[in-house]
Amino acid sequence: MSLQSSLPAGKPKSWKARYTILSLIWLAWLLSFLDRMVMSVSLPFIGRDLNLDTTEQGLIISAFFIGYAAFQIPGGFLADKFGARKIMAIGIAWWSVFTSLTGAVFTLPLMLAVRFLFGIGEGCFPAASWKMISTYFPSKERGRATAIQSTVNTLGPALAVVVAAGIISAFGWHMVFIVLGLPGLFIAAGIYLFTRDNPKDHPAITAQDLAELAQDDQSGQQNAAPVPFKDVMKMPVLWQMAAIWFLFDITFWGFSTWLPSYLITVREFSLAKTGVMAAIPFLFGACGTLLGGYCSDKFKPQRKMLYVITSVIAAGFLYMTFTVSSADMAVVYQCVSALFMFFAMAMFWGILMDTIPSKIMGRASGIVNFGGQMAGVVSAPVMGWLIHTSGGSYNSAFIFMIIALMASAAVTLTVKNNHAVNAVAHEA
């Protein structure tokens with residue numbers, strides 16, 4: 001007898017199957033951030049043991065981003081073709097193996113190869129996870145679901161520092177990677193065992209769950225003919241969303257990469273104080289993400305304007321951050337900026353989840369996230385060049401981030417409703 005048929009009639013479950021799926025996806029995302037962010041903490045120790053200069057250490061970071069960015073679109077294509085369940089499980093297991101192998105490397109060429117392959121595994125995961133969320137969550141809950149998933153963007157970097165520092169101090173950098181590779185194998189198994197590509201096949205799904213999903217699929221798009229990739233690529237809104245995410249992530253990666261250096265170099269904080277002060281804005285960011293997810297679902301018609309307004313406010317507080325004379329007030333302004341910036345991020349993913357049909361979510365979100373990863377490639381070196389050419393001043397770097405965030409708001413104003421997108425998804 002199935003789980004569904006054994007449930008008491010008339011009593012809806014308080015804990016739904018989609019919540020378990022979201023929990024597993026959240027754990028996988030958290031692990032992905034841990035596995036990639038511990039490298040930034042471990043890099044000085046790796047450089048010392050392998051006798052690497054800073055340029056060679058930078059190549060190790062780049063090797064990951066090349067693999068990660070390169071497989072955003074292929075990962076989405078594979079998720080649409082073979083199902084998000086398999087791609088997520090394989091991707092997590094793949095990157096976990098190469099996480100552990102990182103701890104066994106003793107030469108630069110092998111390190112570059114391992115980190116590139118590690119990036120490929122992580123690159124397969126994002127689009128598949130968003131496809132799974134859009135498949136299981138009704139439209140009215142997708143904003144909150146993606147916001148909960150997105151909290152790892154703020155919690156992951158903070159937790160990575162704590163975990164890496166503790167393990168390195170006790171056992172060395174090799175053990176950090178060896179240990180962190182193990183949980184992923186269990187999460188991959190959990191993904192495979194407790195998810196299904198079609199909600200109708202999930203043993204814990206209820207008739208009420210399916211009825212909620214059916215309201216978003218009145219024309220049966222899940223059972224319609226596959227949409228050719230060339231038709232997906234023709235959707236203007238897809239490139240608008242990719243542009244928004246590229247511009248937003250220029251600010252995000254710049255904010256994440258240069259914040260500690262700014263506090264030490266310009267605001268003259270001690271290393272210990274920087275460790276605390278640099279983490280606080282990300283905690284505000286986590287609150288902004290959750291609040292944004294709630295508002296995204298509650299005020300769906302106003303999502304675009306909420307993104308625009310909160311992005312402009314975040315940009316304003318970024319300006320105040322580098323112009324205020326008080327170092328402590330600079331941190332306060334950073335916190336407020338992070339609150340609104342990550343609120344806007346939740347709005348963006350709410351718009352994306354309702355604009356792109358779930359049947360093409362893998363390929364579409366892969367393209368959009370590729371834009372974000374290109375921002376990661378561009379933002380850090382451009383800001384570093386701006387700081388260098390300004391004689392160590394961070395003012396031009398902050399202005400660069402502000403312009404990018406304002407530009408993302410401007411592009412958002414051009415996004416239309418999803419009728420045209422749905423028309424493409426229902427063709428053939």
# chains A, B, ... in the order shown; residues from 1 in each chain; ligands from 1
call {"tool": "residues_around", "arguments": {"residues": "Leu52 of chain A", "least_positions_apart": "5", "cutoff": "12 Å", "atoms": "only C-alpha atoms", "output": "VMD selection string"}}
result
chain A and resid 43 to 47 57 to 60 106 to 109 111
call {"tool": "write_last_selection", "arguments": {"atoms": "N, CA and C atoms", "output": "PDB file, in the first residue's frame"}}
result
ATOM      1  N   LEU A  43      44.048  28.483   0.939  1.00  0.00           N
ATOM      2  CA  LEU A  43      45.009  28.835  -0.103  1.00  0.00           C
ATOM      3  C   LEU A  43      46.383  29.263   0.419  1.00  0.00           C
ATOM      4  N   PRO A  44      46.478  30.088   1.466  1.00  0.00           N
ATOM      5  CA  PRO A  44      47.822  30.447   1.958  1.00  0.00           C
ATOM      6  C   PRO A  44      48.629  29.229   2.415  1.00  0.00           C
ATOM      7  N   PHE A  45      47.967  28.264   3.023  1.00  0.00           N
ATOM      8  CA  PHE A  45      48.656  27.062   3.495  1.00  0.00           C
ATOM      9  C   PHE A  45      49.043  26.163   2.322  1.00  0.00           C
ATOM     10  N   ILE A  46      48.169  26.093   1.319  1.00  0.00           N
ATOM     11  CA  ILE A  46      48.487  25.329   0.116  1.00  0.00           C
ATOM     12  C   ILE A  46      49.680  25.963  -0.598  1.00  0.00           C
ATOM     13  N   GLY A  47      49.663  27.300  -0.702  1.00  0.00           N
ATOM     14  CA  GLY A  47      50.764  28.005  -1.343  1.00  0.00           C
ATOM     15  C   GLY A  47      52.092  27.762  -0.646  1.00  0.00           C
ATOM     16  N   GLN A  57      48.508  30.723  -7.039  1.00  0.00           N
ATOM     17  CA  GLN A  57      47.374  30.464  -6.153  1.00  0.00           C
ATOM     18  C   GLN A  57      46.072  30.964  -6.791  1.00  0.00           C
ATOM     19  N   GLY A  58      46.153  32.100  -7.491  1.00  0.00           N
ATOM     20  CA  GLY A  58      44.981  32.616  -8.177  1.00  0.00           C
ATOM     21  C   GLY A  58      44.498  31.690  -9.278  1.00  0.00           C
ATOM     22  N   LEU A  59      45.432  30.982  -9.920  1.00  0.00           N
ATOM     23  CA  LEU A  59      45.058  30.033 -10.965  1.00  0.00           C
ATOM     24  C   LEU A  59      44.198  28.900 -10.403  1.00  0.00           C
ATOM     25  N   ILE A  60      44.439  28.528  -9.156  1.00  0.00           N
ATOM     26  CA  ILE A  60      43.660  27.463  -8.528  1.00  0.00           C
ATOM     27  C   ILE A  60      42.196  27.894  -8.403  1.00  0.00           C
ATOM     28  N   PHE A 106      49.621  17.202  -4.471  1.00  0.00           N
ATOM     29  CA  PHE A 106      50.892  17.771  -4.033  1.00  0.00           C
ATOM     30  C   PHE A 106      51.614  18.533  -5.141  1.00  0.00           C
ATOM     31  N   THR A 107      50.985  18.706  -6.309  1.00  0.00           N
ATOM     32  CA  THR A 107      51.593  19.468  -7.397  1.00  0.00           C
ATOM     33  C   THR A 107      50.565  20.424  -7.988  1.00  0.00           C
ATOM     34  N   LEU A 108      51.030  21.539  -8.544  1.00  0.00           N
ATOM     35  CA  LEU A 108      50.129  22.543  -9.106  1.00  0.00           C
ATOM     36  C   LEU A 108      49.341  22.016 -10.307  1.00  0.00           C
ATOM     37  N   PRO A 109      49.964  21.370 -11.302  1.00  0.00           N
ATOM     38  CA  PRO A 109      49.167  20.896 -12.453  1.00  0.00           C
ATOM     39  C   PRO A 109      48.030  19.967 -12.051  1.00  0.00           C
ATOM     40  N   MET A 111      46.603  19.895  -9.107  1.00  0.00           N
ATOM     41  CA  MET A 111      45.639  20.701  -8.362  1.00  0.00           C
ATOM     42  C   MET A 111      44.702  21.432  -9.314  1.00  0.00           C
TER      43      MET A 111
END
call {"tool": "closest_atom_pairs", "arguments": {"of": "segment 195-280 of chain A", "to": "segment 298-321 of chain A", "cutoff": "10 Å", "atoms": "only C-alpha atoms", "output": "tab-separated table"}}
result
residue	atom	partner	partner_atom	distance
A:Phe248	CA	A:Ser311	CA	8.9
A:Thr251	CA	A:Ala315	CA	9.3
A:Phe255	CA	A:Leu318	CA	9.5
call {"tool": "write_last_selection", "arguments": {"atoms": "N, CA and C atoms", "output": "PDB file, in the first residue's frame"}}
result
ATOM      1  N   PHE A 248      23.743  42.069 -11.392  1.00  0.00           N
ATOM      2  CA  PHE A 248      23.596  41.939  -9.941  1.00  0.00           C
ATOM      3  C   PHE A 248      24.812  41.238  -9.342  1.00  0.00           C
ATOM      4  N   THR A 251      27.983  43.117  -8.519  1.00  0.00           N
ATOM      5  CA  THR A 251      27.942  43.735  -7.188  1.00  0.00           C
ATOM      6  C   THR A 251      28.125  42.694  -6.093  1.00  0.00           C
ATOM      7  N   PHE A 255      31.185  42.699  -3.634  1.00  0.00           N
ATOM      8  CA  PHE A 255      30.865  42.856  -2.214  1.00  0.00           C
ATOM      9  C   PHE A 255      31.514  41.737  -1.398  1.00  0.00           C
TER      10      PHE A 255
END
call {"tool": "closest_atom_pairs", "arguments": {"of": "segment 59-94 of chain A", "to": "segment 356-375 of chain A", "cutoff": "9 Å", "atoms": "only C-alpha atoms", "output": "Markdown table"}}
result
| residue | atom | partner | partner_atom | distance |
| --- | --- | --- | --- | --- |
| A:Phe65 | CA | A:Gln373 | CA | 7.4 |
| A:Ile66 | CA | A:Gln373 | CA | 9.0 |
| A:Tyr68 | CA | A:Gln373 | CA | 7.8 |
| A:Ala69 | CA | A:Gln373 | CA | 5.6 |
| A:Ala70 | CA | A:Phe370 | CA | 7.7 |
| A:Phe71 | CA | A:Gly366 | CA | 8.3 |
| A:Gln72 | CA | A:Gly366 | CA | 4.7 |
| A:Ile73 | CA | A:Gly366 | CA | 4.4 |
| A:Pro74 | CA | A:Gly366 | CA | 7.5 |
| A:Gly75 | CA | A:Gly366 | CA | 6.8 |
| A:Gly76 | CA | A:Gly362 | CA | 3.9 |
| A:Phe77 | CA | A:Arg363 | CA | 4.8 |
| A:Leu78 | CA | A:Gly362 | CA | 7.7 |
| A:Ala79 | CA | A:Gly362 | CA | 5.5 |
| A:Asp80 | CA | A:Gly362 | CA | 5.3 |
| A:Lys81 | CA | A:Gly362 | CA | 8.9 |
| A:Ala84 | CA | A:Gly362 | CA | 7.8 |
call {"tool": "atom_distance", "arguments": {"atom1": "atom CA of Ala286 of chain A", "atom2": "atom CA of Arg36 of chain A"}}
result
19.1 Å
call {"tool": "residues_around", "arguments": {"residues": "segment 197-200 of chain A", "least_positions_apart": "2", "cutoff": "6 Å", "atoms": "only C-alpha atoms", "output": "JSON, numbers by chain"}}
result
{"A": [83, 85, 202]}
call {"tool": "residues_around", "arguments": {"residues": "segment 170-187 of chain A", "least_positions_apart": "4", "cutoff": "8 Å", "atoms": "only C-alpha atoms", "output": "number ranges by chain"}}
result
A: 24, 27-28, 31, 34-35, 38, 42, 45-46, 89, 92-93, 95-104, 164, 166, 191
call {"tool": "residues_around", "arguments": {"residues": "Lys140 of chain A", "least_positions_apart": "5", "cutoff": "12 Å", "atoms": "only C-alpha atoms", "output": "PDB file with C-alpha atoms, in the first residue's frame"}}
result
ATOM      1  CA  SER A 134       9.826  24.704  -9.965  1.00  0.00           C
ATOM      2  CA  ALA A 145      11.313  28.239  -1.667  1.00  0.00           C
ATOM      3  CA  THR A 146      14.047  29.852  -3.749  1.00  0.00           C
ATOM      4  CA  GLU A 212      -2.008  22.663  -6.267  1.00  0.00           C
ATOM      5  CA  LEU A 213       0.493  21.888  -9.007  1.00  0.00           C
ATOM      6  CA  GLN A 215      -3.507  24.834 -11.043  1.00  0.00           C
ATOM      7  CA  ASP A 216      -0.169  26.009 -12.506  1.00  0.00           C
ATOM      8  CA  GLY A 293      11.057  35.500  -0.492  1.00  0.00           C
ATOM      9  CA  TYR A 294       7.971  36.095   1.632  1.00  0.00           C
ATOM     10  CA  CYS A 295       7.213  39.403  -0.086  1.00  0.00           C
ATOM     11  CA  SER A 296       7.898  37.867  -3.500  1.00  0.00           C
ATOM     12  CA  ASP A 297       5.009  35.444  -3.037  1.00  0.00           C
ATOM     13  CA  LYS A 298       2.736  37.912  -1.266  1.00  0.00           C
ATOM     14  CA  PHE A 299       3.193  40.797  -3.708  1.00  0.00           C
ATOM     15  CA  LYS A 300       3.717  38.985  -7.005  1.00  0.00           C
ATOM     16  CA  PRO A 301       2.351  41.760  -9.265  1.00  0.00           C
ATOM     17  CA  GLY A 350      10.761  34.845  -7.774  1.00  0.00           C
ATOM     18  CA  ILE A 351      10.381  36.586 -11.139  1.00  0.00           C
ATOM     19  CA  MET A 353      10.584  31.011 -11.342  1.00  0.00           C
ATOM     20  CA  ASP A 354       7.237  32.394 -12.492  1.00  0.00           C
TER      21      ASP A 354
END
call {"tool": "select_by_dssp", "arguments": {"residues": "segment 222-367 of chain A", "states": "alpha helix (DSSP H)", "output": "ChimeraX atom specification"}}
result
/A:229-233,236-265,271-277,280-298,303-323,327-355,361-367
call {"tool": "residues_around", "arguments": {"residues": "Ala338 of chain A", "least_positions_apart": "2", "cutoff": "8 Å", "atoms": "only C-alpha atoms", "output": "JSON, numbers by chain"}}
result
{"A": [281, 282, 284, 285, 288, 314, 334, 335, 336, 340, 341, 342]}
call {"tool": "atom_distance", "arguments": {"atom1": "atom CA of Thr206 of chain A", "atom2": "atom CA of Phe194 of chain A"}}
result
14.8 Å
call {"tool": "closest_residue", "arguments": {"among": "A:Ser40, A:Thr289, A:Thr135, A:Thr195", "to": "Val152 of chain A", "atoms": "only C-alpha atoms"}}
result
A:Thr289
call {"tool": "atom_distance", "arguments": {"atom1": "atom CA of Phe33 of chain A", "atom2": "atom CA of Met241 of chain A"}}
result
23.1 Å
call {"tool": "residues_around", "arguments": {"residues": "segment 257-261 of chain A", "least_positions_apart": "6", "cutoff": "12 Å", "atoms": "only C-alpha atoms", "output": "MDAnalysis selection string"}}
result
chainID A and resid 37 40 157 249:251 267:282 318 321:322 330:331 334:335 338 376:384 386:387 392:394 397:398 401
call {"tool": "write_last_selection", "arguments": {"atoms": "C-alpha atoms", "output": "PDB file, in the first residue's frame"}}
result
ATOM      1  CA  MET A  37      34.755  28.571  -0.107  1.00  0.00           C
ATOM      2  CA  SER A  40      39.975  30.772   0.048  1.00  0.00           C
ATOM      3  CA  PRO A 157      30.773  31.811   3.187  1.00  0.00           C
ATOM      4  CA  ASP A 249      26.380  39.399  -9.452  1.00  0.00           C
ATOM      5  CA  ILE A 250      29.037  41.958 -10.352  1.00  0.00           C
ATOM      6  CA  THR A 251      27.942  43.735  -7.188  1.00  0.00           C
ATOM      7  CA  ARG A 267      39.002  51.314   7.678  1.00  0.00           C
ATOM      8  CA  GLU A 268      42.098  49.923   9.448  1.00  0.00           C
ATOM      9  CA  PHE A 269      40.314  47.149  11.329  1.00  0.00           C
ATOM     10  CA  SER A 270      42.372  44.442  12.973  1.00  0.00           C
ATOM     11  CA  LEU A 271      42.221  40.956  11.488  1.00  0.00           C
ATOM     12  CA  ALA A 272      40.118  39.716  14.424  1.00  0.00           C
ATOM     13  CA  LYS A 273      37.674  42.621  14.148  1.00  0.00           C
ATOM     14  CA  THR A 274      37.471  42.197  10.370  1.00  0.00           C
ATOM     15  CA  GLY A 275      36.497  38.540  10.789  1.00  0.00           C
ATOM     16  CA  VAL A 276      33.485  39.589  12.850  1.00  0.00           C
ATOM     17  CA  MET A 277      32.548  42.752  10.995  1.00  0.00           C
ATOM     18  CA  ALA A 278      32.791  41.136   7.556  1.00  0.00           C
ATOM     19  CA  ALA A 279      30.356  38.401   8.608  1.00  0.00           C
ATOM     20  CA  ILE A 280      27.667  40.712  10.012  1.00  0.00           C
ATOM     21  CA  PRO A 281      26.482  42.123   6.644  1.00  0.00           C
ATOM     22  CA  PHE A 282      25.938  38.584   5.368  1.00  0.00           C
ATOM     23  CA  LEU A 318      26.821  51.302  -0.821  1.00  0.00           C
ATOM     24  CA  THR A 321      29.547  53.089   2.939  1.00  0.00           C
ATOM     25  CA  PHE A 322      32.647  54.527   1.305  1.00  0.00           C
ATOM     26  CA  ALA A 330      30.517  52.151   7.270  1.00  0.00           C
ATOM     27  CA  VAL A 331      29.752  48.671   8.606  1.00  0.00           C
ATOM     28  CA  GLN A 334      27.101  47.777   4.583  1.00  0.00           C
ATOM     29  CA  CYS A 335      24.578  45.839   6.659  1.00  0.00           C
ATOM     30  CA  ALA A 338      23.173  43.834   2.194  1.00  0.00           C
ATOM     31  CA  GLY A 376      32.374  36.342 -10.963  1.00  0.00           C
ATOM     32  CA  VAL A 377      35.102  36.101 -13.570  1.00  0.00           C
ATOM     33  CA  VAL A 378      34.864  39.815 -14.411  1.00  0.00           C
ATOM     34  CA  SER A 379      34.095  41.535 -11.120  1.00  0.00           C
ATOM     35  CA  ALA A 380      37.079  40.652  -8.920  1.00  0.00           C
ATOM     36  CA  PRO A 381      39.873  41.448 -11.429  1.00  0.00           C
ATOM     37  CA  VAL A 382      38.173  44.635 -12.679  1.00  0.00           C
ATOM     38  CA  MET A 383      37.729  45.912  -9.141  1.00  0.00           C
ATOM     39  CA  GLY A 384      41.306  44.946  -8.325  1.00  0.00           C
ATOM     40  CA  LEU A 386      40.367  49.929 -10.335  1.00  0.00           C
ATOM     41  CA  ILE A 387      41.809  49.852  -6.825  1.00  0.00           C
ATOM     42  CA  GLY A 392      44.744  51.974  -3.311  1.00  0.00           C
ATOM     43  CA  SER A 393      41.474  53.908  -3.166  1.00  0.00           C
ATOM     44  CA  TYR A 394      38.322  51.789  -3.167  1.00  0.00           C
ATOM     45  CA  ALA A 397      35.462  50.050  -7.112  1.00  0.00           C
ATOM     46  CA  PHE A 398      32.388  50.982  -5.080  1.00  0.00           C
ATOM     47  CA  MET A 401      29.396  48.068  -8.040  1.00  0.00           C
TER      48      MET A 401
END
call {"tool": "decode", "arguments": {"residues": "segment 110-180 of chain A", "atoms": "C-alpha atoms", "output": "mmCIF file, in the first residue's frame"}}
result
data_model
loop_
_atom_site.group_PDB
_atom_site.id
_atom_site.type_symbol
_atom_site.label_atom_id
_atom_site.label_comp_id
_atom_site.auth_asym_id
_atom_site.auth_seq_id
_atom_site.Cartn_x
_atom_site.Cartn_y
_atom_site.Cartn_z
ATOM 1 C CA LEU A 110 47.279 18.149 -10.669
ATOM 2 C CA MET A 111 45.639 20.701 -8.362
ATOM 3 C CA LEU A 112 44.429 22.697 -11.370
ATOM 4 C CA ALA A 113 42.984 19.569 -12.995
ATOM 5 C CA VAL A 114 41.242 18.444 -9.808
ATOM 6 C CA ARG A 115 39.706 21.859 -9.131
ATOM 7 C CA PHE A 116 38.536 22.147 -12.749
ATOM 8 C CA LEU A 117 36.830 18.752 -12.493
ATOM 9 C CA PHE A 118 35.418 19.765 -9.115
ATOM 10 C CA GLY A 119 33.922 22.848 -10.791
ATOM 11 C CA ILE A 120 32.294 20.699 -13.478
ATOM 12 C CA GLY A 121 30.459 18.681 -10.808
ATOM 13 C CA GLU A 122 29.212 21.804 -9.038
ATOM 14 C CA GLY A 123 28.300 23.401 -12.362
ATOM 15 C CA CYS A 124 25.805 20.621 -13.115
ATOM 16 C CA PHE A 125 23.888 21.218 -9.894
ATOM 17 C CA PRO A 126 22.297 24.726 -9.849
ATOM 18 C CA ALA A 127 20.001 24.461 -12.872
ATOM 19 C CA ALA A 128 18.876 20.959 -11.855
ATOM 20 C CA SER A 129 18.020 22.177 -8.347
ATOM 21 C CA TRP A 130 15.939 25.086 -9.645
ATOM 22 C CA LYS A 131 14.158 22.770 -12.039
ATOM 23 C CA MET A 132 13.277 20.479 -9.122
ATOM 24 C CA ILE A 133 11.961 23.426 -7.085
ATOM 25 C CA SER A 134 9.826 24.704 -9.965
ATOM 26 C CA THR A 135 8.487 21.170 -10.518
ATOM 27 C CA TYR A 136 7.394 20.520 -6.922
ATOM 28 C CA PHE A 137 6.430 23.947 -5.627
ATOM 29 C CA PRO A 138 3.266 25.702 -6.809
ATOM 30 C CA SER A 139 3.674 29.216 -8.119
ATOM 31 C CA LYS A 140 2.400 30.742 -4.875
ATOM 32 C CA GLU A 141 5.327 29.264 -2.899
ATOM 33 C CA ARG A 142 8.243 29.419 -5.337
ATOM 34 C CA GLY A 143 9.478 32.792 -4.128
ATOM 35 C CA ARG A 144 9.843 31.561 -0.562
ATOM 36 C CA ALA A 145 11.313 28.239 -1.667
ATOM 37 C CA THR A 146 14.047 29.852 -3.749
ATOM 38 C CA ALA A 147 14.676 32.407 -0.992
ATOM 39 C CA ILE A 148 15.231 29.630 1.553
ATOM 40 C CA GLN A 149 17.575 27.906 -0.893
ATOM 41 C CA SER A 150 19.382 31.212 -1.510
ATOM 42 C CA THR A 151 20.205 31.760 2.174
ATOM 43 C CA VAL A 152 23.276 29.595 1.540
ATOM 44 C CA ASN A 153 24.703 32.538 -0.450
ATOM 45 C CA THR A 154 25.177 34.313 2.860
ATOM 46 C CA LEU A 155 25.451 31.466 5.375
ATOM 47 C CA GLY A 156 27.844 29.377 3.274
ATOM 48 C CA PRO A 157 30.773 31.811 3.187
ATOM 49 C CA ALA A 158 30.467 32.580 6.913
ATOM 50 C CA LEU A 159 30.294 28.903 7.899
ATOM 51 C CA ALA A 160 33.152 27.969 5.560
ATOM 52 C CA VAL A 161 35.543 30.250 7.413
ATOM 53 C CA VAL A 162 34.657 28.712 10.768
ATOM 54 C CA VAL A 163 34.859 25.107 9.554
ATOM 55 C CA ALA A 164 38.059 25.558 7.578
ATOM 56 C CA ALA A 165 39.848 27.466 10.315
ATOM 57 C CA GLY A 166 38.953 24.871 12.931
ATOM 58 C CA ILE A 167 40.022 21.850 10.887
ATOM 59 C CA ILE A 168 43.194 23.483 9.529
ATOM 60 C CA SER A 169 44.357 24.507 12.986
ATOM 61 C CA ALA A 170 43.840 20.973 14.287
ATOM 62 C CA PHE A 171 44.729 18.718 11.339
ATOM 63 C CA GLY A 172 46.066 20.808 8.439
ATOM 64 C CA TRP A 173 44.604 21.849 5.088
ATOM 65 C CA HIS A 174 44.677 18.359 3.558
ATOM 66 C CA MET A 175 42.137 17.073 6.064
ATOM 67 C CA VAL A 176 39.704 19.933 5.375
ATOM 68 C CA PHE A 177 39.059 18.681 1.862
ATOM 69 C CA ILE A 178 39.160 14.987 2.704
ATOM 70 C CA VAL A 179 36.535 15.420 5.456
ATOM 71 C CA LEU A 180 34.233 17.745 3.508
#
